[in-house]
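First the structure, in the form of structure tokens, and then the observations on it.
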There are 2 protein chains.
Amino acid sequence: MEKAFVGSCIIGQSGGPTSVINASTYGVIRTALDTGCITKVYGAAHGIKGVLEGRLYIMDEEDPEELELLKNTPSSELGSVRYKIADPDRDDTDYKRLLEVFRKYDVRYFFYNGGNDSMDTCEKISRFMQGAGYECRVIGVPKTIDNDLAGTDHCPGFGSAAKYIATSCMEVSKDARVYDTGMITVVAIMGRHAGWLAGSAALASYCGAGPDLIYLPEVDFDCERFCAGVKALYERQGKVLVAVSEGIRDAQGRFISEYGAASAQEKDAFGHAQLGGLAVYLAETLKRRTGAKVRGIELSLLQRCGAHLASKTDLDEAVLAGRTAVEAAVAGESGKMVAFERGSVGGYVCKTKLIPLSSVANVEKKVPLEWITKDGSNVTQDFIDYALPLIQGQPERPVLHALPRYARLKKITAE
Amino acid sequence: MEKAFVGSCIIGQSGGPTSVINASTYGVIRTALDTGCITKVYGAAHGIKGVLEGRLYIMDEEDPEELELLKNTPSSELGSVRYKIADPDRDDTDYKRLLEVFRKYDVRYFFYNGGNDSMDTCEKISRFMQGAGYECRVIGVPKTIDNDLAGTDHCPGFGSAAKYIATSCMEVSKDARVYDTGMITVVAIMGRHAGWLAGSAALASYCGAGPDLIYLPEVDFDCERFCAGVKALYERQGKVLVAVSEGIRDAQGRFISEYGAASAQEKDAFGHAQLGGLAVYLAETLKRRTGAKVRGIELSLLQRCGAHLASKTDLDEAVLAGRTAVEAAVAGESGKMVAFERGSVGGYVCKTKLIPLSSVANVEKKVPLEWITKDGSNVTQDFIDYALPLIQGQPERPVLHALPRYARLKKITAE
């Protein structure tokens with residue numbers, strides 16, 4: 001074990017919010033506050049942008065009970081960001097500024113809580129600091145509902161989103177079958193390139209009330225075959241519930257959501273197309289083909305911030321990921337991301353490990369094709385066996401007036 | 001107290017599902033099974049249509065534990081219907097058929113679980129049976145997330161939907177404010193003519209994270225004023241969360257959802273326009289006016305079947321309504337609906353009473369104008385005080401694999 005650095009730390013949040021990213025951030029903050037060698041704990045406002053602009057909240061000043069409530073507070077409480085940092089070999093302006101800030105606040109530990117793009121940012125910072133000879137340990141804390149990070153069995157945030165999706169699909173399944181007239185319902189689920197979230201809808205069917213058909217982006221989407229499949233089922237059973245990933249694409253790689261969505265031309269800062277409106281588009285298409293009554297439902301933001309349905313397993317692991325990051329950094333690790341490994345014997349056991357940031361950045365882990373049925377319209381039992389343990393348990397949920405009681409941080413800014 | 005009729009009973013469900021309509025139906029079934037004078041308990045498949053077609057499930061044959069699970073099962077487990085029964089004075093075909101079925105199964109009690117239109121059906125049946133000299137007691141059991149039934153303080157189903165809406169708005173509010181860029185989010189909430197559900201979004205704001213602006217159908221919607229109001233707020237604070245009722249209309253009475261929604265021309269069996277797509281339409285309108293990043297979210301079916309967030313108060317009252325209906329009928333009442341009365345002193349107390357079906361049928365109770373702010377963009381503290389007690393308490397929620405365990409009825413059909 002290497003000598004612990006004495007100095008302050010920064011924790012930043014990045015990318016899309018989840019129900020439990022604040023739980024990971026809590027894990028970092030709490031452990032850092034309790035660690036003798038970390039002299040000050042800063043939370044970056046809006047991730048790397050807050051560091052660049054020197055907007056740092058002093059976490060030492062927060063009420064411990066409010067910090068604890070972060071575990072049940074959805075979204076990114078410190079503020080998030082989608083800022084693509086340049087490659088340091090091409091433009092090191094941002095990095096020089098980061099170094100200035102790190103020096104000013106004597107930052108010796110940098111923790112970044114995010115997904116693919118954030119691990120890329122993290123890796124670049126780690127590389128630059130090392131090149132500049134500035135002693136600072138950099139650890140990534142995984143977060144994404146999409147569950148698409150490489151090198152880890154699963155990601156904090158996925159289990160809770162999966163539980164929200166499965167529960168909502170069960171409820172919609174009940175509602176959408178209530179009349180004795182025919183009805184086709186399409187539910188669109190997040191997941192730009194990987195079908196982990198859409199596949200989770202199968203947990204609802206496994207429990208007796210869920211989608212009849214599920215389409216993942218891992219398999220080329222053929223609109224004709226889709227319509228024919230739904231129509232056949234509709235004619236046989238009168239009611240059909242379909243779950244689709246927002247990321248489904250045709251054989252040419254074009255997002256199906258772009259077929260109909262007016263706003264599909266827009267791209268975000270990372271060049272990703274903005275997806276939306278897919279459920280309504282497919283529902284309308286099916287209506288023309290079948291004459292059925294249809295309804296399209298977009299789970300939208302609800303699925304990624306539905307903290308009231310958080311999985312206890314997910315929440316506990318999110319805290320664990322944050323704690324592990326700090327412990328690893330103090331022990332001398334750097335340039336790594338905390339990852340999960342699943343025990344292979346007996347019931348579900350989750351252990352942490354560290355993997356190089358460079359092996360995670362910009363790689364996307366997809367649903368294995370052998371976990372998708374041959375006709376591409378559902379997932380197999382292997383998928384269920386994988387996902388089911390991740391949604392278990394109901395955490396305690398502090399409420400006020402029967403509604404969630406979220407953390408109220410003071411957010412005192414360092415001068 | 002009149003003499004109890006000896007004979008069988010029918011319970012039917014009608015109209016849009018809720019999270020707790022099955023709890024009311026459970027209240028009817030359980031009480032009827034336990035009442036000596038009711039010889040057989042039939043559940044009508046798809047409400048009045050099932051009675052007309054003689055599709056009756058024998059509730060006596062069900063496992064009591066599965067019946068108990070009805071309390072936590074959303075949607076209408078017996079099946080629902082939107083069937084407009086004719087006026088008996090103009091066309092009594094359906095009524096003669098009903099009488100046949102009632103005679104065949106010796107039905108002496110008829111309970112109908114539904115909203116406005118269902119109470120109208122109930123009233124007509126009661127009137128016809130009386131005119132025909134057939135001894136049968138008819139009691140309506142209220143149900144509607146819309147909370148728009150006259151003569152009752154509130155309706156079973158509303159509290160749970162309100163809790164779902166408030167919780168979801170809190171979560172969306174957290175998510176929609178996460179980036180340091182501007183953002184306008186529009187959430188569309190059900191409620192065709194009354195703003196009770198949209199107003200419930202204010203409970204989220206009351207608890208610290210909710211919409212900045214709320215628009216109810218009780219006030220004419222002026223698109224220009226709306227855009228100006230949102231724009232001003234956007235320029236001041238960068239992030240704006242708006243909640244709108246699907247039922248908002250312009251001064252000419254035209255639904256705003258019809259401005260943009262492609263499917264708005266369709267009408268359901270009662271002549272109501274099918275609403276939908278409003279959030280996206282308003283979000284796109286605001287985008288053009290402000291240049292802001294926008295997102296439209298439709299709570300869609302989720303808000304009316306979100307049983308995992310049911311209010312215990314609502315659920316208990318739903319069971320109570322069913323039980324009261326049976327007890328009242330056995331005691332000699334007929335042609336009435338069970339209604340709620342709120343105690344005027346001390347904490348929240350809810351008592352039941354009976355009101356004539358004719359006073360409920362086809363009347364819509366709206367949000368009092370004095371509970372809406374003068375500028376029409378929010379509700380007042382009076383609304384909060386009214387709605388807050390109705391969302392209290394978290395019922396026990398049976399789960400299997402961490403997902404809801406719903407009732408599994410055998411549904412054995414009477415020959």
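Going through the structure tokens in order, the chains are called A, B, and so on, while each chain numbers its residues from 1 and the ligands are numbered from 1 in the order shown.
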
Can you check which parts of chain A lie within 7 Å of chain B? Per residue, the shortest pair of atoms and distance in Å to one decimal, counting only C-alpha atoms, sorted by chain and number, as a Markdown table.
```
| residue | atom | partner | partner_atom | distance |
| --- | --- | --- | --- | --- |
| A:Pro17 | CA | B:Asp175 | CA | 6.6 |
| A:His46 | CA | B:Asp180 | CA | 6.7 |
| A:Pro74 | CA | B:Glu171 | CA | 6.6 |
| A:Ser75 | CA | B:Asp175 | CA | 5.0 |
| A:Ser76 | CA | B:Val178 | CA | 6.2 |
| A:Gly79 | CA | B:Val178 | CA | 5.0 |
| A:Ser80 | CA | B:Tyr179 | CA | 5.2 |
| A:Val81 | CA | B:Tyr179 | CA | 5.6 |
| A:Thr167 | CA | B:Leu403 | CA | 6.2 |
| A:Ser168 | CA | B:Leu302 | CA | 6.9 |
| A:Glu171 | CA | B:Cys305 | CA | 5.6 |
| A:Val172 | CA | B:Leu302 | CA | 6.5 |
| A:Lys174 | CA | B:Ser75 | CA | 5.8 |
| A:Asp175 | CA | B:Ser75 | CA | 5.0 |
| A:Val178 | CA | B:Gly79 | CA | 5.0 |
| A:Tyr179 | CA | B:Ser80 | CA | 5.2 |
| A:Asp180 | CA | B:His46 | CA | 6.7 |
| A:Ile297 | CA | B:Ser300 | CA | 6.7 |
| A:Ser300 | CA | B:Ile297 | CA | 6.7 |
| A:Leu301 | CA | B:Val172 | CA | 6.6 |
| A:Leu302 | CA | B:Val172 | CA | 6.5 |
| A:Cys305 | CA | B:Glu171 | CA | 5.6 |
| A:Gly306 | CA | B:Glu171 | CA | 6.4 |
| A:Ile391 | CA | B:Ala402 | CA | 6.7 |
| A:Gln392 | CA | B:Ala402 | CA | 5.3 |
| A:Gly393 | CA | B:Ala402 | CA | 6.2 |
| A:His401 | CA | B:Gln392 | CA | 6.9 |
| A:Ala402 | CA | B:Gln392 | CA | 5.2 |
| A:Leu403 | CA | B:Thr167 | CA | 6.2 |
```

For the selection you just gave me, I'd like the residues written to a file as an mmCIF file, in the first residue's frame, keeping N, CA and C atoms.
```
data_model
loop_
_atom_site.group_PDB
_atom_site.id
_atom_site.type_symbol
_atom_site.label_atom_id
_atom_site.label_comp_id
_atom_site.auth_asym_id
_atom_site.auth_seq_id
_atom_site.Cartn_x
_atom_site.Cartn_y
_atom_site.Cartn_z
ATOM 1 N N PRO A 17 -28.634 12.127 -15.037
ATOM 2 C CA PRO A 17 -28.888 11.753 -13.647
ATOM 3 C C PRO A 17 -29.404 10.314 -13.541
ATOM 4 N N HIS A 46 -21.789 21.249 -11.093
ATOM 5 C CA HIS A 46 -21.870 20.868 -12.498
ATOM 6 C C HIS A 46 -20.578 20.259 -13.026
ATOM 7 N N PRO A 74 -33.008 11.721 -5.835
ATOM 8 C CA PRO A 74 -32.655 11.410 -7.223
ATOM 9 C C PRO A 74 -31.963 12.583 -7.904
ATOM 10 N N SER A 75 -31.479 12.326 -9.109
ATOM 11 C CA SER A 75 -30.811 13.326 -9.927
ATOM 12 C C SER A 75 -29.440 13.645 -9.315
ATOM 13 N N SER A 76 -28.747 14.595 -9.908
ATOM 14 C CA SER A 76 -27.372 14.899 -9.488
ATOM 15 C C SER A 76 -27.394 16.162 -8.652
ATOM 16 N N GLY A 79 -25.233 19.061 -9.320
ATOM 17 C CA GLY A 79 -25.378 19.590 -10.678
ATOM 18 C C GLY A 79 -24.533 18.761 -11.625
ATOM 19 N N SER A 80 -25.051 18.528 -12.810
ATOM 20 C CA SER A 80 -24.324 17.717 -13.769
ATOM 21 C C SER A 80 -23.925 18.555 -14.970
ATOM 22 N N VAL A 81 -23.259 17.904 -15.910
ATOM 23 C CA VAL A 81 -22.771 18.630 -17.069
ATOM 24 C C VAL A 81 -22.566 17.639 -18.204
ATOM 25 N N THR A 167 -41.851 -2.318 -12.914
ATOM 26 C CA THR A 167 -43.063 -2.018 -12.145
ATOM 27 C C THR A 167 -44.061 -1.244 -13.002
ATOM 28 N N SER A 168 -43.574 -0.244 -13.721
ATOM 29 C CA SER A 168 -44.463 0.561 -14.560
ATOM 30 C C SER A 168 -45.075 -0.295 -15.672
ATOM 31 N N GLU A 171 -47.921 -2.295 -14.266
ATOM 32 C CA GLU A 171 -49.101 -1.467 -14.050
ATOM 33 C C GLU A 171 -49.783 -1.124 -15.377
ATOM 34 N N VAL A 172 -48.975 -0.735 -16.367
ATOM 35 C CA VAL A 172 -49.538 -0.401 -17.675
ATOM 36 C C VAL A 172 -50.176 -1.643 -18.295
ATOM 37 N N LYS A 174 -51.642 -4.030 -16.788
ATOM 38 C CA LYS A 174 -52.956 -4.194 -16.166
ATOM 39 C C LYS A 174 -53.959 -3.211 -16.764
ATOM 40 N N ASP A 175 -53.544 -1.964 -16.880
ATOM 41 C CA ASP A 175 -54.443 -0.915 -17.355
ATOM 42 C C ASP A 175 -54.810 -1.124 -18.816
ATOM 43 N N VAL A 178 -57.812 -3.615 -19.897
ATOM 44 C CA VAL A 178 -59.007 -3.537 -19.066
ATOM 45 C C VAL A 178 -60.323 -3.579 -19.846
ATOM 46 N N TYR A 179 -60.310 -3.106 -21.083
ATOM 47 C CA TYR A 179 -61.548 -3.097 -21.864
ATOM 48 C C TYR A 179 -61.668 -4.364 -22.705
ATOM 49 N N ASP A 180 -62.874 -4.650 -23.134
ATOM 50 C CA ASP A 180 -63.040 -5.859 -23.945
ATOM 51 C C ASP A 180 -62.920 -5.554 -25.432
ATOM 52 N N ILE A 297 -46.672 5.310 -25.031
ATOM 53 C CA ILE A 297 -46.259 5.851 -23.734
ATOM 54 C C ILE A 297 -44.739 5.976 -23.702
ATOM 55 N N SER A 300 -39.829 8.471 -20.591
ATOM 56 C CA SER A 300 -39.143 9.758 -20.476
ATOM 57 C C SER A 300 -38.237 9.843 -19.246
ATOM 58 N N LEU A 301 -38.145 11.041 -18.669
ATOM 59 C CA LEU A 301 -37.279 11.259 -17.503
ATOM 60 C C LEU A 301 -37.673 10.416 -16.300
ATOM 61 N N LEU A 302 -38.961 10.045 -16.253
ATOM 62 C CA LEU A 302 -39.474 9.357 -15.060
ATOM 63 C C LEU A 302 -38.624 8.142 -14.714
ATOM 64 N N CYS A 305 -35.245 8.967 -12.845
ATOM 65 C CA CYS A 305 -35.255 9.699 -11.572
ATOM 66 C C CYS A 305 -36.291 9.122 -10.606
ATOM 67 N N GLY A 306 -36.805 7.928 -10.896
ATOM 68 C CA GLY A 306 -37.861 7.329 -10.063
ATOM 69 C C GLY A 306 -37.325 6.754 -8.762
ATOM 70 N N ILE A 391 -32.623 -5.747 -8.839
ATOM 71 C CA ILE A 391 -33.766 -4.879 -8.482
ATOM 72 C C ILE A 391 -34.299 -5.191 -7.083
ATOM 73 N N GLN A 392 -33.616 -6.081 -6.356
ATOM 74 C CA GLN A 392 -34.172 -6.541 -5.088
ATOM 75 C C GLN A 392 -34.072 -5.515 -3.953
ATOM 76 N N GLY A 393 -35.065 -5.582 -3.091
ATOM 77 C CA GLY A 393 -35.040 -4.798 -1.852
ATOM 78 C C GLY A 393 -35.611 -3.408 -1.998
ATOM 79 N N HIS A 401 -44.912 14.716 4.853
ATOM 80 C CA HIS A 401 -46.246 14.846 4.249
ATOM 81 C C HIS A 401 -46.496 13.736 3.214
ATOM 82 N N ALA A 402 -45.961 12.554 3.459
ATOM 83 C CA ALA A 402 -46.141 11.390 2.574
ATOM 84 C C ALA A 402 -45.430 11.538 1.226
ATOM 85 N N LEU A 403 -44.649 12.594 1.074
ATOM 86 C CA LEU A 403 -43.865 12.775 -0.153
ATOM 87 C C LEU A 403 -42.379 12.705 0.192
#
```

> Tell me, which residues of region 23-118 of chain B carry DSSP strand (DSSP E or B), written as a PyMOL selection string?
Replying inline: chain B and resi 38-44+56-58+107-114

Grab the residues selected above and save them as a compact mmCIF listing (two decimals), in the first residue's frame with N, CA and C atoms.
```txt
# COMPACT_ATOMS: atom_id res chain seq x y z
N ILE B 38 -76.92 -12.50 1.50
CA ILE B 38 -76.48 -12.54 0.09
C ILE B 38 -75.99 -13.95 -0.21
N THR B 39 -76.72 -14.62 -1.08
CA THR B 39 -76.50 -16.05 -1.29
C THR B 39 -75.39 -16.36 -2.27
N LYS B 40 -75.12 -15.44 -3.16
CA LYS B 40 -74.09 -15.66 -4.17
C LYS B 40 -73.55 -14.29 -4.59
N VAL B 41 -72.24 -14.22 -4.81
CA VAL B 41 -71.63 -12.95 -5.21
C VAL B 41 -71.05 -13.09 -6.61
N TYR B 42 -71.63 -12.35 -7.56
CA TYR B 42 -71.17 -12.41 -8.95
C TYR B 42 -70.37 -11.14 -9.29
N GLY B 43 -69.28 -11.34 -10.00
CA GLY B 43 -68.54 -10.22 -10.56
C GLY B 43 -68.85 -10.14 -12.04
N ALA B 44 -69.32 -9.00 -12.51
CA ALA B 44 -69.66 -8.86 -13.93
C ALA B 44 -68.38 -8.64 -14.75
N LEU B 56 -70.79 -13.73 -15.95
CA LEU B 56 -70.67 -13.42 -14.53
C LEU B 56 -69.68 -14.38 -13.88
N TYR B 57 -68.71 -13.83 -13.14
CA TYR B 57 -67.74 -14.66 -12.42
C TYR B 57 -68.26 -14.93 -11.01
N ILE B 58 -68.10 -16.17 -10.57
CA ILE B 58 -68.57 -16.53 -9.23
C ILE B 58 -67.49 -16.21 -8.19
N VAL B 107 -80.86 -11.96 -8.75
CA VAL B 107 -80.05 -10.82 -8.30
C VAL B 107 -80.94 -9.81 -7.57
N ARG B 108 -80.63 -9.59 -6.30
CA ARG B 108 -81.42 -8.65 -5.48
C ARG B 108 -80.60 -7.43 -5.06
N TYR B 109 -79.31 -7.48 -5.40
CA TYR B 109 -78.41 -6.37 -5.08
C TYR B 109 -77.52 -6.11 -6.29
N PHE B 110 -77.47 -4.87 -6.69
CA PHE B 110 -76.59 -4.51 -7.81
C PHE B 110 -75.68 -3.35 -7.39
N PHE B 111 -74.39 -3.59 -7.43
CA PHE B 111 -73.40 -2.57 -7.05
C PHE B 111 -72.59 -2.19 -8.28
N TYR B 112 -72.47 -0.90 -8.51
CA TYR B 112 -71.72 -0.48 -9.70
C TYR B 112 -70.65 0.51 -9.27
N ASN B 113 -69.42 0.16 -9.66
CA ASN B 113 -68.22 0.85 -9.20
C ASN B 113 -67.69 1.71 -10.35
N GLY B 114 -67.92 3.01 -10.30
CA GLY B 114 -67.49 3.84 -11.42
C GLY B 114 -67.60 5.33 -11.16
```

>> What does the structure give for the distance between CA of Lys287 (chain B) and CA of Ile184 (chain B), in Å to one decimal?
In response: 8.2 Å

>> So that I can check the surroundings of region 62-71 of chain B, please list as an NGL selection string every protein, DNA and RNA residue that reaches within 8 Å of it, counting only C-alpha atoms and ignoring chain neighbours fewer than 5 positions away.
In response: :B and (20 or 22-24 or 26 or 30 or 77 or 315 or 319 or 398 or 405-411)

Hey, can you spit out that residue selection with N, CA and C atoms as a PDB file, in the first residue's frame?
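This is the output file result_1.pdb:
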```pdb
ATOM      1  N   VAL B  20     -57.092   2.016  -7.088  1.00  0.00           N
ATOM      2  CA  VAL B  20     -57.807   1.418  -5.951  1.00  0.00           C
ATOM      3  C   VAL B  20     -59.244   1.015  -6.255  1.00  0.00           C
ATOM      4  N   ASN B  22     -60.145  -1.694  -7.522  1.00  0.00           N
ATOM      5  CA  ASN B  22     -60.250  -3.080  -7.065  1.00  0.00           C
ATOM      6  C   ASN B  22     -60.381  -3.176  -5.544  1.00  0.00           C
ATOM      7  N   ALA B  23     -59.876  -2.175  -4.840  1.00  0.00           N
ATOM      8  CA  ALA B  23     -60.021  -2.164  -3.382  1.00  0.00           C
ATOM      9  C   ALA B  23     -61.494  -1.958  -3.015  1.00  0.00           C
ATOM     10  N   SER B  24     -62.181  -1.096  -3.744  1.00  0.00           N
ATOM     11  CA  SER B  24     -63.622  -0.905  -3.512  1.00  0.00           C
ATOM     12  C   SER B  24     -64.389  -2.173  -3.862  1.00  0.00           C
ATOM     13  N   TYR B  26     -63.207  -5.112  -3.841  1.00  0.00           N
ATOM     14  CA  TYR B  26     -62.902  -6.054  -2.759  1.00  0.00           C
ATOM     15  C   TYR B  26     -63.815  -5.789  -1.560  1.00  0.00           C
ATOM     16  N   ARG B  30     -66.021  -8.843  -0.305  1.00  0.00           N
ATOM     17  CA  ARG B  30     -65.746  -9.404   1.020  1.00  0.00           C
ATOM     18  C   ARG B  30     -66.968  -9.246   1.929  1.00  0.00           C
ATOM     19  N   GLU B  77     -59.989  -5.311 -12.255  1.00  0.00           N
ATOM     20  CA  GLU B  77     -59.686  -6.728 -12.406  1.00  0.00           C
ATOM     21  C   GLU B  77     -60.824  -7.511 -13.060  1.00  0.00           C
ATOM     22  N   LEU B 315     -56.713   4.078  -0.187  1.00  0.00           N
ATOM     23  CA  LEU B 315     -56.987   2.646  -0.291  1.00  0.00           C
ATOM     24  C   LEU B 315     -57.993   2.202   0.786  1.00  0.00           C
ATOM     25  N   VAL B 319     -61.899   0.713   0.180  1.00  0.00           N
ATOM     26  CA  VAL B 319     -62.489  -0.502   0.753  1.00  0.00           C
ATOM     27  C   VAL B 319     -63.752  -0.131   1.534  1.00  0.00           C
ATOM     28  N   PRO B 398     -47.644  -6.203  -1.077  1.00  0.00           N
ATOM     29  CA  PRO B 398     -47.096  -7.546  -1.279  1.00  0.00           C
ATOM     30  C   PRO B 398     -46.263  -7.598  -2.556  1.00  0.00           C
ATOM     31  N   ARG B 405     -47.068  -8.153  -6.391  1.00  0.00           N
ATOM     32  CA  ARG B 405     -47.771  -9.436  -6.502  1.00  0.00           C
ATOM     33  C   ARG B 405     -49.265  -9.112  -6.579  1.00  0.00           C
ATOM     34  N   TYR B 406     -49.824  -9.261  -7.763  1.00  0.00           N
ATOM     35  CA  TYR B 406     -51.231  -8.934  -7.980  1.00  0.00           C
ATOM     36  C   TYR B 406     -52.120 -10.133  -7.719  1.00  0.00           C
ATOM     37  N   ALA B 407     -53.403  -9.857  -7.519  1.00  0.00           N
ATOM     38  CA  ALA B 407     -54.396 -10.916  -7.338  1.00  0.00           C
ATOM     39  C   ALA B 407     -54.458 -11.789  -8.587  1.00  0.00           C
ATOM     40  N   ARG B 408     -54.588 -13.098  -8.370  1.00  0.00           N
ATOM     41  CA  ARG B 408     -54.782 -14.006  -9.506  1.00  0.00           C
ATOM     42  C   ARG B 408     -56.121 -14.713  -9.299  1.00  0.00           C
ATOM     43  N   LEU B 409     -57.134 -14.192  -9.933  1.00  0.00           N
ATOM     44  CA  LEU B 409     -58.477 -14.752  -9.746  1.00  0.00           C
ATOM     45  C   LEU B 409     -58.721 -15.897 -10.730  1.00  0.00           C
ATOM     46  N   LYS B 410     -59.533 -16.831 -10.283  1.00  0.00           N
ATOM     47  CA  LYS B 410     -59.870 -17.966 -11.144  1.00  0.00           C
ATOM     48  C   LYS B 410     -60.909 -17.580 -12.186  1.00  0.00           C
ATOM     49  N   LYS B 411     -61.755 -16.637 -11.824  1.00  0.00           N
ATOM     50  CA  LYS B 411     -62.808 -16.142 -12.727  1.00  0.00           C
ATOM     51  C   LYS B 411     -63.624 -17.283 -13.336  1.00  0.00           C
TER      52      LYS B 411
END
```

>> To one decimal place in Å, what is the distance between CA of Met337 (chain B) and CA of Ile355 (chain B)?
In response: 5.4 Å

> How far is it from CA of Ala279 (chain B) to CA of Ser200 (chain A), in Å with one decimal?
Replying inline: 26.5 Å

> Residues of region 33-229 of chain A in alpha helix (DSSP H) according to DSSP, as number ranges by chain?
Replying inline: A: 33-34, 47-52, 64-69, 93-104, 116-131, 158-175, 196-206, 223-229

> Skipping near chain neighbours, those fewer than 3 positions away, what residues fall within 10 Å of region 100-105 of chain B using only C-alpha atoms, listed as a PyMOL selection string?
Replying inline: chain B and resi 7-10+40+42+51-56+94-97+108-110+129+134+136+414

Using C-alpha atoms, can you export the residues from the last selection as a PDB file, in the first residue's frame?
```pdb
ATOM      1  CA  GLY B   7     -80.705 -13.331  -3.062  1.00  0.00           C
ATOM      2  CA  SER B   8     -77.520 -12.863  -4.997  1.00  0.00           C
ATOM      3  CA  CYS B   9     -75.596  -9.712  -5.861  1.00  0.00           C
ATOM      4  CA  ILE B  10     -73.642  -8.417  -8.821  1.00  0.00           C
ATOM      5  CA  LYS B  40     -74.094 -15.660  -4.174  1.00  0.00           C
ATOM      6  CA  TYR B  42     -71.167 -12.405  -8.945  1.00  0.00           C
ATOM      7  CA  VAL B  51     -74.357  -8.480 -17.222  1.00  0.00           C
ATOM      8  CA  LEU B  52     -76.109  -8.036 -20.573  1.00  0.00           C
ATOM      9  CA  GLU B  53     -74.154 -10.936 -22.010  1.00  0.00           C
ATOM     10  CA  GLY B  54     -74.550 -13.075 -18.905  1.00  0.00           C
ATOM     11  CA  ARG B  55     -70.784 -13.235 -18.301  1.00  0.00           C
ATOM     12  CA  LEU B  56     -70.667 -13.418 -14.527  1.00  0.00           C
ATOM     13  CA  ASP B  94     -80.972  -3.443 -22.627  1.00  0.00           C
ATOM     14  CA  TYR B  95     -83.088  -3.112 -19.493  1.00  0.00           C
ATOM     15  CA  LYS B  96     -85.361  -6.007 -20.415  1.00  0.00           C
ATOM     16  CA  ARG B  97     -82.268  -8.119 -20.946  1.00  0.00           C
ATOM     17  CA  ARG B 108     -81.416  -8.653  -5.479  1.00  0.00           C
ATOM     18  CA  TYR B 109     -78.410  -6.368  -5.084  1.00  0.00           C
ATOM     19  CA  PHE B 110     -76.587  -4.511  -7.811  1.00  0.00           C
ATOM     20  CA  MET B 129     -86.177  -2.051 -11.927  1.00  0.00           C
ATOM     21  CA  TYR B 134     -88.580  -6.060  -9.591  1.00  0.00           C
ATOM     22  CA  CYS B 136     -83.542  -5.064  -6.319  1.00  0.00           C
ATOM     23  CA  ALA B 414     -71.603 -18.921 -13.957  1.00  0.00           C
TER      24      ALA B 414
END
```

> Can you tell me, as a VMD selection string, what residues are no more than 12 Å from Gly343 (chain B) when counting only C-alpha atoms, ignoring any on the same chain fewer than 4 positions away?
Replying inline: chain B and resid 153 347 to 352 386

> Which residues, written as JSON, numbers by chain, have at least one atom at most 9 Å from Ala4 (chain B), with only C-alpha atoms counted and residues fewer than 3 positions away on the same chain left out?
Replying inline: {"B": [1, 37, 38, 329, 330, 331, 332]}

> For Ile11 (chain A), which residue out of A:Cys155, A:Ala243, A:Ala325, A:Ala201 is the nearest one, using only C-alpha atoms?
Replying inline: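 With only C-alpha atoms as the atom set, the closest residue is A:Ala325.
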
> Pick from B:Ala194, B:Leu357, B:Leu241, B:Ile189: nearest to Ser118 (chain B), with only C-alpha atoms counted?
Replying inline: B:Leu357

>> Taking 6 positions as the minimum chain separation for residues in the same chain, which residues sit within 10 Å of Arg323 (chain A) when counting only C-alpha atoms? Answer as a PyMOL selection string.
In response: chain A and resi 24-32+141+317+338
